[in-house]
Amino acid sequence: MAIKSLSIRITEEMLDKLHVVADYEGRSANSQINILIRDCIEAYEEKHGKIEMGNKS
């Protein structure tokens, strides 16, 4: 699986708070964001069913 890069716009305050949470959890901000995205997808799939991805080349 290829690793992709994603750029986001975020307020400085929100970014600072993200770093506090990530530090508390012993993670980088990047790892914390990945966990939040994973949890969001899992919650969506619990409610709506598994997201099926087609073959992408």
# chains A, B, ... in the order shown; residues from 1 in each chain; ligands from 1
>>> residues_around(residues="Ile51 (chain A)", least_positions_apart="5", cutoff="10 Å", atoms="only C-alpha atoms", output="list in words")
Ile41, Glu42, Tyr44 and Glu45 of chain A
>>> write_last_selection(atoms="all heavy atoms", output="compact mmCIF listing (two decimals), in the first residue's frame")
# COMPACT_ATOMS: atom_id res chain seq x y z
N ILE A 41 -13.33 6.54 10.32
CA ILE A 41 -13.74 5.55 9.31
C ILE A 41 -14.40 4.35 9.97
O ILE A 41 -15.44 3.87 9.49
CB ILE A 41 -12.53 5.14 8.44
CG1 ILE A 41 -12.08 6.33 7.58
CG2 ILE A 41 -12.87 3.93 7.57
CD1 ILE A 41 -10.74 6.13 6.90
N GLU A 42 -13.82 3.88 11.07
CA GLU A 42 -14.42 2.74 11.78
C GLU A 42 -15.82 3.07 12.27
O GLU A 42 -16.73 2.25 12.15
CB GLU A 42 -13.53 2.32 12.94
CG GLU A 42 -12.27 1.60 12.50
CD GLU A 42 -11.34 1.26 13.66
OE1 GLU A 42 -11.66 1.60 14.83
OE2 GLU A 42 -10.29 0.65 13.39
N TYR A 44 -17.89 5.28 10.99
CA TYR A 44 -18.75 5.37 9.81
C TYR A 44 -19.16 3.97 9.35
O TYR A 44 -20.33 3.72 9.08
CB TYR A 44 -18.01 6.10 8.68
CG TYR A 44 -18.81 6.17 7.40
CD1 TYR A 44 -19.61 7.27 7.13
CD2 TYR A 44 -18.78 5.14 6.47
CE1 TYR A 44 -20.35 7.35 5.97
CE2 TYR A 44 -19.52 5.20 5.31
CZ TYR A 44 -20.31 6.30 5.05
OH TYR A 44 -21.05 6.35 3.90
N GLU A 45 -18.18 3.06 9.29
CA GLU A 45 -18.47 1.71 8.81
C GLU A 45 -19.37 0.95 9.78
O GLU A 45 -20.19 0.14 9.35
CB GLU A 45 -17.17 0.94 8.56
CG GLU A 45 -16.42 1.44 7.34
CD GLU A 45 -15.16 0.67 7.03
OE1 GLU A 45 -14.48 0.19 7.98
OE2 GLU A 45 -14.86 0.55 5.83
>>> select_by_dssp(residues="chain A", states="alpha helix (DSSP H)", output="JSON, numbers by chain")
{"A": [12, 13, 14, 15, 16, 17, 18, 19, 20, 21, 22, 23, 24, 25, 29, 30, 31, 32, 33, 34, 35, 36, 37, 38, 39, 40, 41, 42, 43, 44, 45, 46, 47, 48]}
>>> residues_around(residues="Leu15 (chain A)", least_positions_apart="3", cutoff="12 Å", atoms="only C-alpha atoms", output="list in words")
Ile8, Arg9, Ile10, Thr11, Glu12, Leu18, His19, Val20, Val21, Ala22, Ser28, Ala29, Asn30, Gln32 and Ile33 of chain A
>>> atom_distance(atom1="CA of Ile3 (chain A)", atom2="CA of Asn34 (chain A)")
11.7 Å
